file upload.cif (mmCIF, C-alpha atoms)
data_protein
#
loop_
_atom_site.group_PDB
_atom_site.id
_atom_site.type_symbol
_atom_site.label_atom_id
_atom_site.label_comp_id
_atom_site.auth_asym_id
_atom_site.auth_seq_id
_atom_site.Cartn_x
_atom_site.Cartn_y
_atom_site.Cartn_z
ATOM 1 C CA MET K 1 -233.993 -78.863 124.863
ATOM 2 C CA GLU K 2 -236.134 -76.659 127.088
ATOM 3 C CA LEU K 3 -236.789 -73.877 124.549
ATOM 4 C CA GLU K 4 -236.339 -74.049 120.787
ATOM 5 C CA ALA K 5 -236.998 -71.746 117.854
ATOM 6 C CA ARG K 6 -236.963 -72.927 114.266
ATOM 7 C CA GLY K 7 -236.813 -70.609 111.264
ATOM 8 C CA LEU K 8 -238.065 -67.682 113.328
ATOM 9 C CA THR K 9 -238.797 -64.338 111.673
ATOM 10 C CA VAL K 10 -239.183 -61.259 113.866
ATOM 11 C CA SER K 11 -240.554 -58.056 112.360
ATOM 12 C CA ALA K 12 -241.375 -54.476 113.323
ATOM 13 C CA ASN K 13 -243.839 -52.362 111.335
ATOM 14 C CA GLY K 14 -243.824 -54.981 108.619
ATOM 15 C CA ALA K 15 -240.058 -54.947 108.195
ATOM 16 C CA PRO K 16 -238.124 -58.100 109.168
ATOM 17 C CA LEU K 17 -235.465 -57.566 111.839
ATOM 18 C CA VAL K 18 -234.472 -61.214 112.243
ATOM 19 C CA GLU K 19 -235.082 -63.895 109.625
ATOM 20 C CA GLY K 20 -234.755 -67.675 109.700
ATOM 21 C CA LEU K 21 -233.393 -67.785 113.257
ATOM 22 C CA ASP K 22 -232.758 -71.138 114.940
ATOM 23 C CA LEU K 23 -231.941 -71.311 118.636
ATOM 24 C CA ASP K 24 -231.833 -73.912 121.388
ATOM 25 C CA VAL K 25 -231.696 -73.355 125.135
ATOM 26 C CA ALA K 26 -231.082 -76.343 127.398
ATOM 27 C CA ARG K 27 -232.504 -76.587 130.894
ATOM 28 C CA GLY K 28 -230.396 -74.525 133.309
ATOM 29 C CA GLU K 29 -228.598 -72.723 130.466
ATOM 30 C CA VAL K 30 -228.308 -68.963 129.975
ATOM 31 C CA LEU K 31 -228.274 -67.819 126.357
ATOM 32 C CA VAL K 32 -227.190 -64.192 126.140
ATOM 33 C CA VAL K 33 -228.466 -62.216 123.150
ATOM 34 C CA ARG K 34 -226.449 -59.237 121.973
ATOM 35 C CA GLY K 35 -226.615 -56.933 118.983
ATOM 36 C CA PRO K 36 -227.038 -53.325 117.890
ATOM 37 C CA SER K 37 -229.854 -51.104 119.119
ATOM 38 C CA GLY K 38 -232.912 -51.619 116.956
ATOM 39 C CA GLY K 39 -231.628 -55.004 115.840
ATOM 40 C CA GLY K 40 -234.592 -56.968 117.149
ATOM 41 C CA LYS K 41 -233.469 -58.150 120.590
ATOM 42 C CA THR K 42 -236.571 -57.018 122.488
ATOM 43 C CA ARG K 43 -238.817 -58.065 119.613
ATOM 44 C CA LEU K 44 -237.250 -61.522 119.759
ATOM 45 C CA LEU K 45 -238.018 -61.826 123.472
ATOM 46 C CA ARG K 46 -241.600 -60.702 122.891
ATOM 47 C CA ARG K 47 -241.975 -63.289 120.115
ATOM 48 C CA LEU K 48 -240.599 -66.061 122.339
ATOM 49 C CA ALA K 49 -243.003 -64.973 125.093
ATOM 50 C CA GLY K 50 -245.965 -65.246 122.745
ATOM 51 C CA LEU K 51 -246.761 -61.541 123.047
ATOM 52 C CA ASP K 52 -246.184 -60.651 119.382
ATOM 53 C CA PRO K 53 -247.646 -62.646 116.492
ATOM 54 C CA GLY K 54 -245.237 -64.746 114.496
ATOM 55 C CA THR K 55 -244.613 -64.063 110.824
ATOM 56 C CA GLY K 56 -242.558 -67.193 110.266
ATOM 57 C CA GLY K 57 -241.114 -70.194 112.055
ATOM 58 C CA GLU K 58 -242.150 -71.795 115.332
ATOM 59 C CA VAL K 59 -241.241 -71.830 119.015
ATOM 60 C CA LEU K 60 -241.314 -74.974 121.156
ATOM 61 C CA LEU K 61 -241.155 -75.559 124.905
ATOM 62 C CA GLY K 62 -240.043 -79.013 125.957
ATOM 63 C CA GLY K 63 -240.552 -80.143 122.368
ATOM 64 C CA ARG K 64 -244.197 -79.004 122.321
ATOM 65 C CA PRO K 65 -245.048 -76.253 119.797
ATOM 66 C CA GLU K 66 -246.417 -72.976 121.132
ATOM 67 C CA GLY K 67 -249.644 -73.485 119.174
ATOM 68 C CA ARG K 68 -250.468 -76.540 121.291
ATOM 69 C CA TRP K 69 -250.334 -74.506 124.514
ATOM 70 C CA ASP K 70 -253.033 -72.355 126.034
ATOM 71 C CA PRO K 71 -251.622 -68.777 125.753
ATOM 72 C CA GLN K 72 -251.865 -68.121 129.494
ATOM 73 C CA SER K 73 -250.105 -71.393 130.298
ATOM 74 C CA TRP K 74 -247.337 -70.574 127.818
ATOM 75 C CA ARG K 75 -246.748 -67.153 129.381
ATOM 76 C CA ALA K 76 -246.648 -68.690 132.851
ATOM 77 C CA GLU K 77 -243.821 -70.989 131.735
ATOM 78 C CA VAL K 78 -241.996 -68.632 129.330
ATOM 79 C CA CYS K 79 -241.991 -65.421 131.311
ATOM 80 C CA LEU K 80 -240.789 -62.016 130.097
ATOM 81 C CA ALA K 81 -239.366 -59.215 132.245
ATOM 82 C CA LEU K 82 -238.937 -56.090 130.125
ATOM 83 C CA GLN K 83 -236.311 -53.422 130.640
ATOM 84 C CA GLY K 84 -237.135 -50.959 133.384
ATOM 85 C CA ALA K 85 -240.342 -51.530 135.302
ATOM 86 C CA PRO K 86 -243.872 -50.230 134.921
ATOM 87 C CA VAL K 87 -245.638 -48.045 137.455
ATOM 88 C CA LEU K 88 -248.577 -50.260 138.384
ATOM 89 C CA SER K 89 -251.542 -49.537 140.590
ATOM 90 C CA GLY K 90 -251.298 -50.595 144.203
ATOM 91 C CA THR K 91 -248.138 -52.053 145.714
ATOM 92 C CA PRO K 92 -245.661 -54.769 144.751
ATOM 93 C CA ARG K 93 -247.324 -57.030 147.315
ATOM 94 C CA ASP K 94 -250.705 -56.476 145.616
ATOM 95 C CA TRP K 95 -249.172 -57.541 142.291
ATOM 96 C CA TRP K 96 -247.405 -60.541 143.832
ATOM 97 C CA ASP K 97 -250.680 -61.669 145.416
ATOM 98 C CA ALA K 98 -252.555 -61.186 142.124
ATOM 99 C CA VAL K 99 -249.980 -63.216 140.183
ATOM 100 C CA ARG K 100 -250.111 -66.073 142.698
ATOM 101 C CA ALA K 101 -253.907 -66.111 142.434
ATOM 102 C CA LEU K 102 -253.887 -66.720 138.665
ATOM 103 C CA ALA K 103 -255.246 -70.101 137.604
ATOM 104 C CA THR K 104 -251.953 -70.919 135.861
ATOM 105 C CA GLN K 105 -250.033 -70.266 139.098
ATOM 106 C CA ARG K 106 -252.134 -72.239 141.560
ATOM 107 C CA GLY K 107 -250.236 -75.113 143.096
ATOM 108 C CA ARG K 108 -246.889 -73.889 141.768
ATOM 109 C CA ASP K 109 -243.967 -74.329 144.151
ATOM 110 C CA GLY K 110 -242.780 -70.737 144.259
ATOM 111 C CA GLU K 111 -240.221 -68.733 146.188
ATOM 112 C CA ASP K 112 -240.515 -65.770 148.531
ATOM 113 C CA ALA K 113 -240.408 -62.727 146.237
ATOM 114 C CA GLU K 114 -239.779 -60.352 149.143
ATOM 115 C CA ALA K 115 -236.774 -62.387 150.276
ATOM 116 C CA LEU K 116 -235.384 -62.433 146.746
ATOM 117 C CA ALA K 117 -235.717 -58.663 146.460
ATOM 118 C CA SER K 118 -234.091 -58.239 149.869
ATOM 119 C CA SER K 119 -231.098 -60.276 148.700
ATOM 120 C CA TRP K 120 -230.632 -57.677 145.947
ATOM 121 C CA GLY K 121 -230.608 -54.766 148.378
ATOM 122 C CA VAL K 122 -234.307 -53.816 148.478
ATOM 123 C CA GLU K 123 -235.144 -52.213 151.802
ATOM 124 C CA GLU K 124 -237.640 -53.729 154.229
ATOM 125 C CA GLY K 125 -241.180 -52.490 153.649
ATOM 126 C CA ILE K 126 -240.774 -51.693 149.938
ATOM 127 C CA PHE K 127 -243.346 -54.342 148.962
ATOM 128 C CA ASP K 128 -245.987 -52.408 150.899
ATOM 129 C CA ARG K 129 -245.304 -49.010 149.337
ATOM 130 C CA PRO K 130 -247.150 -47.796 146.209
ATOM 131 C CA TRP K 131 -245.309 -48.451 142.934
ATOM 132 C CA SER K 132 -245.546 -44.723 142.190
ATOM 133 C CA GLU K 133 -243.323 -43.946 145.202
ATOM 134 C CA LEU K 134 -240.535 -46.330 144.197
ATOM 135 C CA SER K 135 -237.415 -45.514 142.222
ATOM 136 C CA VAL K 136 -236.786 -47.220 138.880
ATOM 137 C CA GLY K 137 -234.234 -49.498 140.529
ATOM 138 C CA GLN K 138 -236.644 -50.466 143.302
ATOM 139 C CA ARG K 139 -239.420 -51.163 140.790
ATOM 140 C CA GLN K 140 -237.078 -53.211 138.623
ATOM 141 C CA ARG K 141 -235.981 -55.388 141.533
ATOM 142 C CA CYS K 142 -239.544 -55.918 142.768
ATOM 143 C CA GLN K 143 -240.690 -56.863 139.276
ATOM 144 C CA LEU K 144 -237.819 -59.320 138.846
ATOM 145 C CA ALA K 145 -238.403 -60.810 142.286
ATOM 146 C CA VAL K 146 -242.042 -61.588 141.507
ATOM 147 C CA VAL K 147 -241.151 -63.071 138.108
ATOM 148 C CA LEU K 148 -238.354 -65.270 139.474
ATOM 149 C CA SER K 149 -240.406 -66.306 142.497
ATOM 150 C CA ARG K 150 -242.905 -68.117 140.270
ATOM 151 C CA ARG K 151 -240.149 -70.354 138.854
ATOM 152 C CA PRO K 152 -241.109 -70.298 135.179
ATOM 153 C CA ARG K 153 -239.378 -72.871 133.018
ATOM 154 C CA VAL K 154 -237.746 -70.133 130.912
ATOM 155 C CA LEU K 155 -236.987 -66.530 131.868
ATOM 156 C CA LEU K 156 -236.774 -63.900 129.120
ATOM 157 C CA LEU K 157 -234.780 -60.975 130.498
ATOM 158 C CA ASP K 158 -234.382 -57.628 128.732
ATOM 159 C CA GLU K 159 -231.528 -55.708 130.352
ATOM 160 C CA PRO K 160 -232.702 -56.859 133.796
ATOM 161 C CA THR K 161 -230.004 -55.003 135.740
ATOM 162 C CA SER K 162 -230.027 -51.736 133.765
ATOM 163 C CA ALA K 163 -231.215 -49.687 136.773
ATOM 164 C CA LEU K 164 -229.229 -51.569 139.427
ATOM 165 C CA ASP K 165 -225.951 -50.625 141.050
ATOM 166 C CA PRO K 166 -223.037 -53.049 140.571
ATOM 167 C CA ASP K 167 -223.546 -54.854 143.908
ATOM 168 C CA ALA K 168 -227.255 -55.414 143.275
ATOM 169 C CA ALA K 169 -226.550 -56.518 139.710
ATOM 170 C CA ARG K 170 -224.023 -59.118 140.894
ATOM 171 C CA ALA K 171 -226.466 -60.341 143.551
ATOM 172 C CA PHE K 172 -229.152 -60.757 140.884
ATOM 173 C CA GLU K 173 -226.704 -62.667 138.688
ATOM 174 C CA ARG K 174 -226.047 -65.085 141.551
ATOM 175 C CA SER K 175 -229.795 -65.651 141.944
ATOM 176 C CA MET K 176 -229.914 -66.798 138.314
ATOM 177 C CA SER K 177 -227.710 -69.831 138.985
ATOM 178 C CA GLY K 178 -229.411 -72.959 137.647
ATOM 179 C CA ARG K 179 -232.263 -71.082 135.969
ATOM 180 C CA THR K 180 -232.994 -71.258 132.239
ATOM 181 C CA ALA K 181 -232.900 -67.877 130.521
ATOM 182 C CA VAL K 182 -232.609 -65.902 127.327
ATOM 183 C CA TRP K 183 -230.909 -62.733 128.542
ATOM 184 C CA VAL K 184 -230.399 -59.508 126.609
ATOM 185 C CA THR K 185 -227.529 -57.340 127.823
ATOM 186 C CA HIS K 186 -225.410 -54.602 126.278
ATOM 187 C CA SER K 187 -222.620 -55.308 128.765
ATOM 188 C CA ALA K 188 -219.846 -57.521 127.439
ATOM 189 C CA GLU K 189 -218.599 -57.925 131.022
ATOM 190 C CA GLN K 190 -221.973 -59.174 132.231
ATOM 191 C CA ALA K 191 -222.282 -61.501 129.245
ATOM 192 C CA ALA K 192 -218.915 -63.006 130.101
ATOM 193 C CA ARG K 193 -220.051 -63.643 133.670
ATOM 194 C CA VAL K 194 -223.497 -65.138 133.051
ATOM 195 C CA ALA K 195 -223.584 -66.650 129.554
ATOM 196 C CA ASP K 196 -223.241 -70.290 128.711
ATOM 197 C CA ARG K 197 -223.545 -69.236 125.077
ATOM 198 C CA VAL K 198 -223.933 -65.914 123.228
ATOM 199 C CA LEU K 199 -226.158 -65.208 120.231
ATOM 200 C CA GLU K 200 -225.094 -62.160 118.215
ATOM 201 C CA LEU K 201 -227.951 -60.721 116.200
ATOM 202 C CA GLY K 202 -226.896 -59.000 113.000
ATOM 203 C CA ALA K 203 -223.473 -60.627 113.080
#
call {"tool": "encode", "arguments": {"input": "upload.cif", "output": "structure tokens"}}
result
Amino acid sequence: MELEARGLTVSANGAPLVEGLDLDVARGEVLVVRGPSGGGKTRLLRRLAGLDPGTGGEVLLGGRPEGRWDPQSWRAEVCLALQGAPVLSGTPRDWWDAVRALATQRGRDGEDAEALASSWGVEEGIFDRPWSELSVGQRQRCQLAVVLSRRPRVLLLDEPTSALDPDAARAFERSMSGRTAVWVTHSAEQAARVADRVLELGA
């Protein structure tokens, strides 16, 4: 298995949202996570990404526990893209260049983020415009393009197409072919298109 969780507990403000969760994601598989709002979906992704401290259980990548990884190396391989997109300083190209310059990214066989974004309908020149001038949909696609371009072993996606029109959303879905992901979506139709398996939280 590429990514595993054993007995995972996910909490918010001291209150458990998910308890004793086991999950397995094979290489190239998309596990869709669904559940009610406030049910712990985003918190689960943050826990898998190593961004929130664990209160129980363990997460493993390729059979190796998270605690045996350097945190930066873990986040380079288990990469989270949150819903929406932040307004960063500079331009998307500045961010793409900064990500590629990280020690954990050097030597990685990546993809062309600008070409990926273009395949999802992003206009030419967007990567050289300030983030503050971009729409939410443009920012979301640029963010996703940079994340996917680095080819992490596991993608953690929180409503990745929430700000995209249907054509762009379908194009993004096609780009996910063969990639390993834990994907949160509220859309039953999207889940049916992209999921190899579905995990229902709170079921």
call {"tool": "resolve_selection", "arguments": {"input": "upload.cif", "expression": "the PyMOL selection byres ((chain K and resi 58-61) around 10)", "output": "ChimeraX atom specification"}}
result
/K:1-9,21-25,47-50,54-57,62-69,74,77-78,153-154
call {"tool": "closest_residue", "arguments": {"input": "upload.cif", "among": "K:Gly202, K:Pro16, K:Ser132, K:Ser162", "to": "Ser89 (chain K)", "atoms": "only C-alpha atoms"}}
result
K:Ser132
call {"tool": "residues_around", "arguments": {"input": "upload.cif", "residues": "Val146 (chain K)", "least_positions_apart": "4", "cutoff": "9 Å", "atoms": "all atoms listed in the file", "output": "list in words"}}
result
Pro92, Trp95, Trp96, Val99, Glu111, Asp112, Ala113, Glu114, Leu116, Ala117, Arg141, Cys142 and Arg150 of chain K
call {"tool": "closest_residue", "arguments": {"input": "upload.cif", "among": "K:Asp128, K:Asp158, K:Glu200, K:Asp109", "to": "Arg93 (chain K)", "atoms": "all atoms listed in the file"}}
result
K:Asp128
call {"tool": "closest_residue", "arguments": {"input": "upload.cif", "among": "K:Ser11, K:Thr104, K:Ser175, K:Thr161", "to": "Gln190 (chain K)", "atoms": "all atoms listed in the file"}}
result
K:Thr161
call {"tool": "residues_around", "arguments": {"input": "upload.cif", "residues": "Leu82 (chain K)", "least_positions_apart": "5", "cutoff": "8 Å", "atoms": "all atoms listed in the file", "output": "list of chain:residue names"}}
result
K:Leu157, K:Asp158, K:Glu159, K:Pro160
call {"tool": "resolve_selection", "arguments": {"input": "upload.cif", "expression": "the PyMOL selection byres ((chain K and resi 177) around 12)", "output": "PyMOL selection string"}}
result
chain K and resi 27-30+148+170-176+178-181+193-196
call {"tool": "closest_residue", "arguments": {"input": "upload.cif", "among": "K:Arg129, K:His186, K:Lys41, K:Arg197", "to": "Leu88 (chain K)", "atoms": "all atoms listed in the file"}}
result
K:Arg129
call {"tool": "residues_around", "arguments": {"input": "upload.cif", "residues": "Val32 (chain K)", "least_positions_apart": "4", "cutoff": "6 Å", "atoms": "only C-alpha atoms", "output": "list in words"}}
result
Val182, Trp183, Val184, Ala195 and Val198 of chain K
call {"tool": "write_last_selection", "arguments": {"input": "upload.cif", "atoms": "C-alpha atoms", "output": "PDB file, keeping the file's coordinate frame"}}
result
ATOM      1  CA  VAL K 182    -232.609 -65.902 127.327  1.00  0.00           C
ATOM      2  CA  TRP K 183    -230.909 -62.733 128.542  1.00  0.00           C
ATOM      3  CA  VAL K 184    -230.399 -59.508 126.609  1.00  0.00           C
ATOM      4  CA  ALA K 195    -223.584 -66.650 129.554  1.00  0.00           C
ATOM      5  CA  VAL K 198    -223.933 -65.914 123.228  1.00  0.00           C
TER       6      VAL K 198
END
